[in-house]
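Undergrad: Here you go, one structure.
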Amino acid sequence: MTEYVLATANPDKAAEIQAILGAALRLRPRPPEVPEVEETGATLLDNARLKARALAAATGLPAIADDTGLEVDALGGAPGVWSARYAGEHATYADNVSKLLRAMEGTPQRSARFRTVAIAAWPGGREVHAEGAVEGTIAVAAAGDGGFGYDPVFVPAGATATFAEMAPEAKHALSHRGRAFRALAELLTGT
Ligand code: IMP
């Protein structure tokens with residue numbers, strides 16, 4: 001079975017990807033000595049590709065990466081590709097959530113979606129990618145302490161609870177990352 005090295009340095013994302021893909025693919029964690037690349041791309045695909053290609057080149061192994069954005073309609077699609085840095089270069093999850101709630105104060109139109117691009121890249125240049133998205137709304141206040149990032153303020157369509165209030169398996173069954181990585185695993189395993 002092919003072994004893939006996981007590009008993300010974010011332990012929250014790594015744990016989710018492991019939980020989603022663990023049964024389908026053999027994953028090895030990112031070697032700590034490989035420096036992280038700057039996410040300078042203009043799109044989620046550009047950034048996911050930058051991360052995967054850099055790690056494949058550094059390790060000689062096929063690498064798996066993803067990039068995720070939260071697109072809020074009332075904010076013209078922001079924070080989008082800037083989701084990690086919405087409240088500044090070294091913003092915490094809490095900083096980003098506070099900024100989002102402030103920006104949305106009094107806004108009745110609360111529709112939003114998470115979008116993830118997941119990619120596998122080989123040292124020789126081959127690559128395969130897949131996308132996953134989940135529609136939802138931005139809550140008026142944060143709720144729940146599961147998940148990470150914007151999970152306390154994102155209510156997926158058809159649910160009454162935020163991602164942060166759901167069990168991890170319930171989030172992965174619906175989520176952008178679950179959908180993107182299950183689609184990628186299908187492409188990689190041919191199932
Ligand atoms: P990244 O560039 O893919 O690391 O993700 C950008 C930012 O989006 C992260 O720093 C998180 O704030 C947020 N994010 C990514 N995935 C999720 C998720 O599943 N739930 C909530 N927020 C997320």
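Naming scheme: A, B, ... for chains in displayed order of the structure tokens; residues 1 onward per chain; ligands 1 onward as shown.
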Range 140-146 of chain A: which residues within 9 Å, counting only C-alpha atoms, same-chain residues fewer than 4 positions away excluded, as an MDAnalysis selection string?
TA: chainID A and resid 97:98 101 104:106 110 150:154 161:168
Undergrad: Name each residue within 6 Å of ligand 1, counting only C-alpha atoms and all ligand atoms, as an mmCIF file with N, CA and C atoms, in the first residue's frame.
TA:
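The result, written out as selection08.cif:
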```
data_model
loop_
_atom_site.group_PDB
_atom_site.id
_atom_site.type_symbol
_atom_site.label_atom_id
_atom_site.label_comp_id
_atom_site.auth_asym_id
_atom_site.auth_seq_id
_atom_site.Cartn_x
_atom_site.Cartn_y
_atom_site.Cartn_z
ATOM 1 N N ASP A 66 -3.972 19.990 1.983
ATOM 2 C CA ASP A 66 -5.265 20.605 1.700
ATOM 3 C C ASP A 66 -5.191 22.078 2.029
ATOM 4 N N ASP A 67 -6.134 22.818 1.467
ATOM 5 C CA ASP A 67 -6.310 24.206 1.871
ATOM 6 C C ASP A 67 -7.805 24.464 1.959
ATOM 7 N N THR A 68 -8.178 25.201 2.984
ATOM 8 C CA THR A 68 -9.596 25.411 3.283
ATOM 9 C C THR A 68 -9.894 26.892 3.431
ATOM 10 N N GLY A 69 -11.047 27.302 2.988
ATOM 11 C CA GLY A 69 -11.492 28.677 3.195
ATOM 12 C C GLY A 69 -12.946 28.703 3.612
ATOM 13 N N SER A 83 -8.577 32.836 5.300
ATOM 14 C CA SER A 83 -9.254 32.438 6.537
ATOM 15 C C SER A 83 -8.327 32.331 7.747
ATOM 16 N N ALA A 84 -7.118 31.796 7.563
ATOM 17 C CA ALA A 84 -6.214 31.627 8.706
ATOM 18 C C ALA A 84 -5.714 32.974 9.217
ATOM 19 N N TYR A 93 -7.459 31.344 16.507
ATOM 20 C CA TYR A 93 -8.819 30.995 16.094
ATOM 21 C C TYR A 93 -9.825 31.975 16.725
ATOM 22 N N PHE A 148 -12.317 23.052 15.604
ATOM 23 C CA PHE A 148 -11.294 24.100 15.672
ATOM 24 C C PHE A 148 -11.707 25.229 14.722
ATOM 25 N N GLY A 149 -10.893 26.281 14.697
ATOM 26 C CA GLY A 149 -11.100 27.367 13.741
ATOM 27 C C GLY A 149 -12.464 28.023 13.908
ATOM 28 N N TYR A 150 -13.194 28.115 12.812
ATOM 29 C CA TYR A 150 -14.496 28.779 12.816
ATOM 30 C C TYR A 150 -15.632 27.830 13.198
ATOM 31 N N ASP A 151 -15.333 26.617 13.620
ATOM 32 C CA ASP A 151 -16.391 25.647 13.947
ATOM 33 C C ASP A 151 -17.435 26.172 14.943
#
```
Undergrad: What's around Ala118 in chain A at 12 Å? Count only C-alpha atoms, leave out sequence neighbours fewer than 4 positions away in its own chain, and write the answer as a PyMOL selection string.
TA: chain A and resi 6-8+13+17+21+44-52+63-68+127-133+176-185+187-188
Undergrad: Using DSSP on the backbone coordinates, identify the residues of chain A assigned to helix (DSSP H, G or I); present them as a ChimeraX atom specification.
TA: /A:11-21,44-59,73-75,83-85,93-103,151-153,163-165,168-174,176-189
Undergrad: What is the distance, in Å and to one decimal place, between CA of Thr59 in chain A and CA of Trp82 in chain A?
TA: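 Taking CA of Thr59 in chain A and CA of Trp82 in chain A, their separation equals 27.5 Å.
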Undergrad: As a list in words, list the residues of range 75-172 of chain A assigned to strand (DSSP E) by DSSP on the backbone atoms of this structure.
TA: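 Of range 75-172 of chain A, the ones in strand (DSSP E) are Pro79, Gly80, Ser111, Ala112, Arg113, Phe114, Arg115, Thr116, Val117, Ala118, Ile119, Ala120, Ala121, Glu127, Val128, His129, Ala130, Glu131, Gly132, Ala133, Val134, Glu135, Gly136, Thr137, Ile138, Phe154, Val155 and Pro156 of chain A.
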Undergrad: Can you pull out every residue within 12 Å of range 88-90 of chain A, counting only C-alpha atoms, but drop anything in the same chain fewer than 5 positions away, and send it as an MDAnalysis selection string?
TA: chainID A and resid 38:39 79 82:83 95:96 99
Undergrad: Which residues, written as number ranges by chain, have at least one atom at most 10 Å from range 54-56 of chain A, with only C-alpha atoms counted and residues fewer than 6 positions away on the same chain left out?
TA: A: 4-8, 30-31, 34-37, 62-65, 120-125
Undergrad: Considering only C-alpha atoms, state which residue in the set A:Val134, A:Leu75, A:Val117, A:Ala15 is at the smallest distance from Gly147 in chain A.
TA: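 Under the stated criterion, the closest residue is A:Ala15.
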Undergrad: Do you know which residues are at most 8 Å from Arg26 in chain A counting only C-alpha atoms, after dropping those on the same chain fewer than 2 positions away, and could you put them as a PyMOL selection string?
TA: chain A and resi 1-4+22-24+28
Undergrad: Please save N, CA, C and O atoms of the selected residues as a short mmCIF file (atom, residue, chain, number, x, y, z; two decimals), in the first residue's frame.
TA:
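Contents of again-v4.cif, as written:
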```
data_model
loop_
_atom_site.label_atom_id
_atom_site.label_comp_id
_atom_site.auth_asym_id
_atom_site.auth_seq_id
_atom_site.Cartn_x
_atom_site.Cartn_y
_atom_site.Cartn_z
N MET A 1 0.86 -1.20 0.00
CA MET A 1 0.00 0.00 0.00
C MET A 1 0.89 1.25 0.00
O MET A 1 1.82 1.34 0.82
N THR A 2 0.61 2.16 -0.92
CA THR A 2 1.41 3.40 -0.99
C THR A 2 1.31 4.17 0.32
O THR A 2 0.24 4.26 0.91
N GLU A 3 2.44 4.75 0.72
CA GLU A 3 2.42 5.59 1.92
C GLU A 3 2.52 7.06 1.48
O GLU A 3 3.34 7.39 0.63
N TYR A 4 1.66 7.87 2.06
CA TYR A 4 1.66 9.30 1.74
C TYR A 4 2.10 10.08 2.97
O TYR A 4 1.74 9.73 4.08
N GLY A 22 -7.74 7.53 7.47
CA GLY A 22 -6.93 6.48 8.10
C GLY A 22 -7.20 5.09 7.57
O GLY A 22 -6.26 4.31 7.37
N ALA A 23 -8.45 4.74 7.34
CA ALA A 23 -8.77 3.39 6.91
C ALA A 23 -8.45 3.19 5.42
O ALA A 23 -8.18 2.07 4.99
N ALA A 24 -8.48 4.27 4.64
CA ALA A 24 -8.34 4.13 3.18
C ALA A 24 -6.89 4.23 2.70
O ALA A 24 -6.51 3.59 1.73
N ARG A 28 1.73 9.20 6.79
CA ARG A 28 2.83 9.41 7.72
C ARG A 28 2.86 10.91 8.04
O ARG A 28 2.59 11.73 7.17
#
```
